[in-house]
Amino acid sequence: MLQILGTWLIFILLLIILHQGIKKQSVMDGKKGYRGWRGWLTGLFVVGALPLGFALYTKLTDERLDANIGLGIAMLFAWGYCALLCCVGLIVWGRYGYKRYQRK
């Protein structure tokens, strides 16, 4: 259960990092395109939170002693999704740093 909650915290942290990067990028470009990203970020949160919620529910309610394949698949998806969000966040912040460096 601690593993699920830790993954959830990492997932939320990655979304906050991505949110701040997109916000800074929009302010730097002088565009108001940031408002359009709020819906996308909400969708990204729902896509990532549903498997984690399923994993937590399964862990709390299912008392089987055998292997729980659904829990493993949900966690594998969540970790892969977190890795993908981490890569996207690094790209967004890298673009922000590059543009900031070019302006100097």
# chains A, B, ... in the order shown; residues from 1 in each chain; ligands from 1

$ residues_around --residues "stretch 50-56 of chain A" --least-positions-apart "2" --cutoff "8 Å" --atoms "only C-alpha atoms" --output "PyMOL selection string"
chain A and resi 1+4+8+46-48+58-60+70-71+74-75+77-78

$ write_last_selection --atoms "all heavy atoms" --output "compact mmCIF listing (two decimals), in the first residue's frame"
# COMPACT_ATOMS: atom_id res chain seq x y z
N MET A 1 0.82 -1.19 0.00
CA MET A 1 0.00 0.00 0.00
C MET A 1 0.88 1.26 0.00
O MET A 1 0.53 2.25 -0.63
CB MET A 1 -0.91 -0.01 1.22
CG MET A 1 -1.85 1.15 1.22
SD MET A 1 -3.33 0.76 2.08
CE MET A 1 -3.58 2.26 2.93
N ILE A 4 1.89 2.10 -3.51
CA ILE A 4 0.84 2.75 -4.30
C ILE A 4 0.77 4.24 -3.95
O ILE A 4 0.70 5.09 -4.84
CB ILE A 4 -0.51 2.06 -4.07
CG1 ILE A 4 -0.47 0.62 -4.58
CG2 ILE A 4 -1.64 2.81 -4.77
CD1 ILE A 4 -1.65 -0.22 -4.18
N TRP A 8 1.56 7.50 -6.27
CA TRP A 8 0.58 8.57 -6.42
C TRP A 8 1.23 9.94 -6.15
O TRP A 8 0.98 10.90 -6.88
CB TRP A 8 -0.58 8.36 -5.45
CG TRP A 8 -1.90 8.82 -5.97
CD1 TRP A 8 -2.16 9.96 -6.65
CD2 TRP A 8 -3.14 8.14 -5.87
NE1 TRP A 8 -3.47 10.04 -6.96
CE2 TRP A 8 -4.10 8.94 -6.50
CE3 TRP A 8 -3.53 6.96 -5.30
CZ2 TRP A 8 -5.43 8.58 -6.57
CZ3 TRP A 8 -4.87 6.61 -5.38
CH2 TRP A 8 -5.79 7.39 -6.01
N VAL A 46 -6.61 12.31 -14.72
CA VAL A 46 -7.62 11.24 -14.65
C VAL A 46 -7.07 9.94 -15.22
O VAL A 46 -7.26 8.87 -14.64
CB VAL A 46 -8.91 11.68 -15.38
CG1 VAL A 46 -9.87 10.52 -15.57
CG2 VAL A 46 -9.59 12.80 -14.62
N VAL A 47 -6.36 10.03 -16.34
CA VAL A 47 -5.79 8.82 -16.96
C VAL A 47 -4.79 8.15 -16.02
O VAL A 47 -4.72 6.92 -15.93
CB VAL A 47 -5.14 9.17 -18.32
CG1 VAL A 47 -4.28 8.04 -18.83
CG2 VAL A 47 -6.21 9.50 -19.34
N GLY A 48 -4.02 8.92 -15.30
CA GLY A 48 -3.05 8.34 -14.38
C GLY A 48 -3.64 7.93 -13.04
O GLY A 48 -3.19 6.99 -12.40
N THR A 58 -8.12 -2.46 -5.00
CA THR A 58 -7.85 -3.89 -5.04
C THR A 58 -7.00 -4.32 -3.86
O THR A 58 -7.26 -5.36 -3.25
CB THR A 58 -7.14 -4.26 -6.35
OG1 THR A 58 -7.94 -3.83 -7.45
CG2 THR A 58 -6.90 -5.74 -6.47
N LYS A 59 -6.02 -3.52 -3.51
CA LYS A 59 -5.15 -3.86 -2.39
C LYS A 59 -5.92 -3.86 -1.07
O LYS A 59 -5.70 -4.71 -0.21
CB LYS A 59 -3.99 -2.85 -2.33
CG LYS A 59 -3.00 -3.11 -1.25
CD LYS A 59 -2.13 -4.27 -1.59
CE LYS A 59 -1.01 -4.38 -0.56
NZ LYS A 59 -0.32 -5.63 -0.65
N LEU A 60 -6.85 -2.93 -0.92
CA LEU A 60 -7.61 -2.83 0.33
C LEU A 60 -8.70 -3.88 0.46
O LEU A 60 -8.99 -4.35 1.57
CB LEU A 60 -8.22 -1.43 0.47
CG LEU A 60 -7.24 -0.29 0.69
CD1 LEU A 60 -7.98 1.04 0.69
CD2 LEU A 60 -6.48 -0.47 1.97
N GLY A 70 -4.13 -8.06 -11.83
CA GLY A 70 -4.68 -6.72 -12.07
C GLY A 70 -3.91 -5.64 -11.34
O GLY A 70 -3.67 -4.55 -11.88
N LEU A 71 -3.49 -5.93 -10.13
CA LEU A 71 -2.70 -4.97 -9.36
C LEU A 71 -1.35 -4.74 -10.02
O LEU A 71 -0.89 -3.60 -10.14
CB LEU A 71 -2.51 -5.48 -7.93
CG LEU A 71 -1.70 -4.63 -6.99
CD1 LEU A 71 -2.39 -3.31 -6.73
CD2 LEU A 71 -1.47 -5.37 -5.69
N ALA A 74 -1.83 -2.65 -13.21
CA ALA A 74 -2.15 -1.26 -12.88
C ALA A 74 -0.89 -0.51 -12.45
O ALA A 74 -0.65 0.63 -12.86
CB ALA A 74 -3.20 -1.21 -11.78
N MET A 75 -0.05 -1.15 -11.64
CA MET A 75 1.17 -0.50 -11.19
C MET A 75 2.17 -0.35 -12.34
O MET A 75 2.86 0.67 -12.44
CB MET A 75 1.80 -1.28 -10.04
CG MET A 75 1.01 -1.20 -8.76
SD MET A 75 0.69 0.48 -8.20
CE MET A 75 2.32 1.03 -7.80
N PHE A 77 1.42 0.05 -15.52
CA PHE A 77 0.92 1.17 -16.31
C PHE A 77 1.23 2.50 -15.62
O PHE A 77 1.68 3.45 -16.27
CB PHE A 77 -0.59 1.04 -16.53
CG PHE A 77 -1.18 2.22 -17.24
CD1 PHE A 77 -1.05 2.36 -18.61
CD2 PHE A 77 -1.85 3.20 -16.53
CE1 PHE A 77 -1.58 3.47 -19.26
CE2 PHE A 77 -2.38 4.30 -17.16
CZ PHE A 77 -2.25 4.44 -18.53
N ALA A 78 1.02 2.57 -14.31
CA ALA A 78 1.26 3.81 -13.58
C ALA A 78 2.74 4.20 -13.62
O ALA A 78 3.07 5.37 -13.81
CB ALA A 78 0.78 3.68 -12.13

$ residues_around --residues "A:Tyr96" --least-positions-apart "2" --cutoff "9 Å" --atoms "only C-alpha atoms" --output "VMD selection string"
chain A and resid 21 to 22 24 to 25 28 91 to 94 98 to 101

$ closest_residue --among "A:Ile73, A:Gly89, A:Arg103, A:Leu44" --to "A:Gln20" --atoms "only C-alpha atoms"
A:Gly89

$ closest_residue --among "A:Ile69, A:Leu2, A:Ile10, A:Cys86" --to "A:Ala49" --atoms "only C-alpha atoms"
A:Ile10

$ select_by_dssp --residues "stretch 62-102 of chain A" --states "alpha helix (DSSP H)" --output "compact mmCIF listing (two decimals) with N, CA, C and O atoms, in the first residue's frame"
# COMPACT_ATOMS: atom_id res chain seq x y z
N ILE A 69 -2.88 -10.25 -10.62
CA ILE A 69 -2.39 -9.77 -11.92
C ILE A 69 -2.89 -8.35 -12.19
O ILE A 69 -2.15 -7.52 -12.71
N GLY A 70 -4.13 -8.06 -11.83
CA GLY A 70 -4.68 -6.72 -12.07
C GLY A 70 -3.91 -5.64 -11.34
O GLY A 70 -3.67 -4.55 -11.88
N LEU A 71 -3.49 -5.93 -10.13
CA LEU A 71 -2.70 -4.97 -9.36
C LEU A 71 -1.35 -4.74 -10.02
O LEU A 71 -0.89 -3.60 -10.14
N GLY A 72 -0.73 -5.80 -10.50
CA GLY A 72 0.57 -5.67 -11.17
C GLY A 72 0.48 -4.88 -12.46
O GLY A 72 1.33 -4.04 -12.74
N ILE A 73 -0.56 -5.14 -13.23
CA ILE A 73 -0.74 -4.41 -14.49
C ILE A 73 -1.02 -2.94 -14.23
O ILE A 73 -0.50 -2.06 -14.92
N ALA A 74 -1.83 -2.65 -13.21
CA ALA A 74 -2.15 -1.26 -12.88
C ALA A 74 -0.89 -0.51 -12.45
O ALA A 74 -0.65 0.63 -12.86
N MET A 75 -0.05 -1.15 -11.64
CA MET A 75 1.17 -0.50 -11.19
C MET A 75 2.17 -0.35 -12.34
O MET A 75 2.86 0.67 -12.44
N LEU A 76 2.25 -1.34 -13.22
CA LEU A 76 3.15 -1.24 -14.38
C LEU A 76 2.73 -0.08 -15.27
O LEU A 76 3.56 0.70 -15.73
N PHE A 77 1.42 0.05 -15.52
CA PHE A 77 0.92 1.17 -16.31
C PHE A 77 1.23 2.50 -15.62
O PHE A 77 1.68 3.45 -16.27
N ALA A 78 1.02 2.57 -14.31
CA ALA A 78 1.26 3.81 -13.58
C ALA A 78 2.74 4.20 -13.62
O ALA A 78 3.07 5.37 -13.81
N TRP A 79 3.63 3.24 -13.46
CA TRP A 79 5.07 3.55 -13.51
C TRP A 79 5.49 3.97 -14.92
O TRP A 79 6.29 4.89 -15.07
N GLY A 80 4.98 3.30 -15.93
CA GLY A 80 5.28 3.69 -17.30
C GLY A 80 4.75 5.08 -17.61
O GLY A 80 5.41 5.89 -18.27
N TYR A 81 3.56 5.37 -17.11
CA TYR A 81 2.94 6.68 -17.31
C TYR A 81 3.74 7.76 -16.59
O TYR A 81 3.95 8.85 -17.13
N CYS A 82 4.21 7.46 -15.39
CA CYS A 82 5.05 8.42 -14.66
C CYS A 82 6.37 8.66 -15.40
O CYS A 82 6.84 9.80 -15.45
N ALA A 83 6.95 7.63 -15.97
CA ALA A 83 8.19 7.79 -16.74
C ALA A 83 7.94 8.66 -17.97
O ALA A 83 8.76 9.53 -18.31
N LEU A 84 6.82 8.46 -18.63
CA LEU A 84 6.46 9.27 -19.80
C LEU A 84 6.25 10.73 -19.40
O LEU A 84 6.75 11.64 -20.07
N LEU A 85 5.54 10.97 -18.29
CA LEU A 85 5.34 12.34 -17.82
C LEU A 85 6.67 12.99 -17.42
O LEU A 85 6.86 14.19 -17.65
N CYS A 86 7.57 12.22 -16.86
CA CYS A 86 8.89 12.74 -16.49
C CYS A 86 9.65 13.18 -17.74
O CYS A 86 10.25 14.26 -17.75
N CYS A 87 9.61 12.37 -18.79
CA CYS A 87 10.29 12.73 -20.04
C CYS A 87 9.67 13.99 -20.66
O CYS A 87 10.40 14.88 -21.11
N VAL A 88 8.36 14.07 -20.66
CA VAL A 88 7.68 15.25 -21.21
C VAL A 88 8.02 16.49 -20.39
O VAL A 88 8.28 17.56 -20.94
N GLY A 89 8.03 16.35 -19.06
CA GLY A 89 8.40 17.47 -18.20
C GLY A 89 9.82 17.94 -18.45
O GLY A 89 10.10 19.14 -18.48
N LEU A 90 10.75 17.00 -18.65
CA LEU A 90 12.13 17.37 -18.95
C LEU A 90 12.23 18.10 -20.29
O LEU A 90 13.00 19.05 -20.43
N ILE A 91 11.44 17.67 -21.26
CA ILE A 91 11.45 18.33 -22.57
C ILE A 91 10.90 19.75 -22.45
O ILE A 91 11.47 20.70 -22.99
N VAL A 92 9.79 19.91 -21.72
CA VAL A 92 9.19 21.25 -21.55
C VAL A 92 10.15 22.19 -20.83
O VAL A 92 10.36 23.32 -21.26
N TRP A 93 10.75 21.72 -19.74
CA TRP A 93 11.69 22.57 -19.01
C TRP A 93 12.97 22.81 -19.81
O TRP A 93 13.58 23.87 -19.69
N GLY A 94 13.38 21.83 -20.62
CA GLY A 94 14.54 22.03 -21.48
C GLY A 94 14.29 23.09 -22.53
O GLY A 94 15.16 23.93 -22.80
N ARG A 95 13.10 23.07 -23.11
CA ARG A 95 12.74 24.11 -24.09
C ARG A 95 12.70 25.48 -23.43
O ARG A 95 13.13 26.48 -24.01
N TYR A 96 12.17 25.53 -22.20
CA TYR A 96 12.11 26.80 -21.47
C TYR A 96 13.52 27.33 -21.21
O TYR A 96 13.80 28.50 -21.42
N GLY A 97 14.40 26.46 -20.76
CA GLY A 97 15.78 26.87 -20.50
C GLY A 97 16.50 27.30 -21.76
O GLY A 97 17.27 28.26 -21.76
N TYR A 98 16.26 26.59 -22.85
CA TYR A 98 16.90 26.94 -24.12
C TYR A 98 16.43 28.30 -24.61
O TYR A 98 17.24 29.13 -25.03
N LYS A 99 15.12 28.55 -24.54
CA LYS A 99 14.60 29.85 -24.99
C LYS A 99 15.09 30.98 -24.10
O LYS A 99 15.37 32.07 -24.57
N ARG A 100 15.19 30.71 -22.81
CA ARG A 100 15.68 31.73 -21.88
C ARG A 100 17.15 32.02 -22.15
O ARG A 100 17.58 33.17 -22.09
N TYR A 101 17.92 31.00 -22.47
CA TYR A 101 19.33 31.17 -22.79
C TYR A 101 19.50 31.95 -24.09
O TYR A 101 20.41 32.77 -24.22
N GLN A 102 18.63 31.71 -25.07
CA GLN A 102 18.73 32.39 -26.37
C GLN A 102 18.38 33.87 -26.25
O GLN A 102 18.86 34.67 -27.04
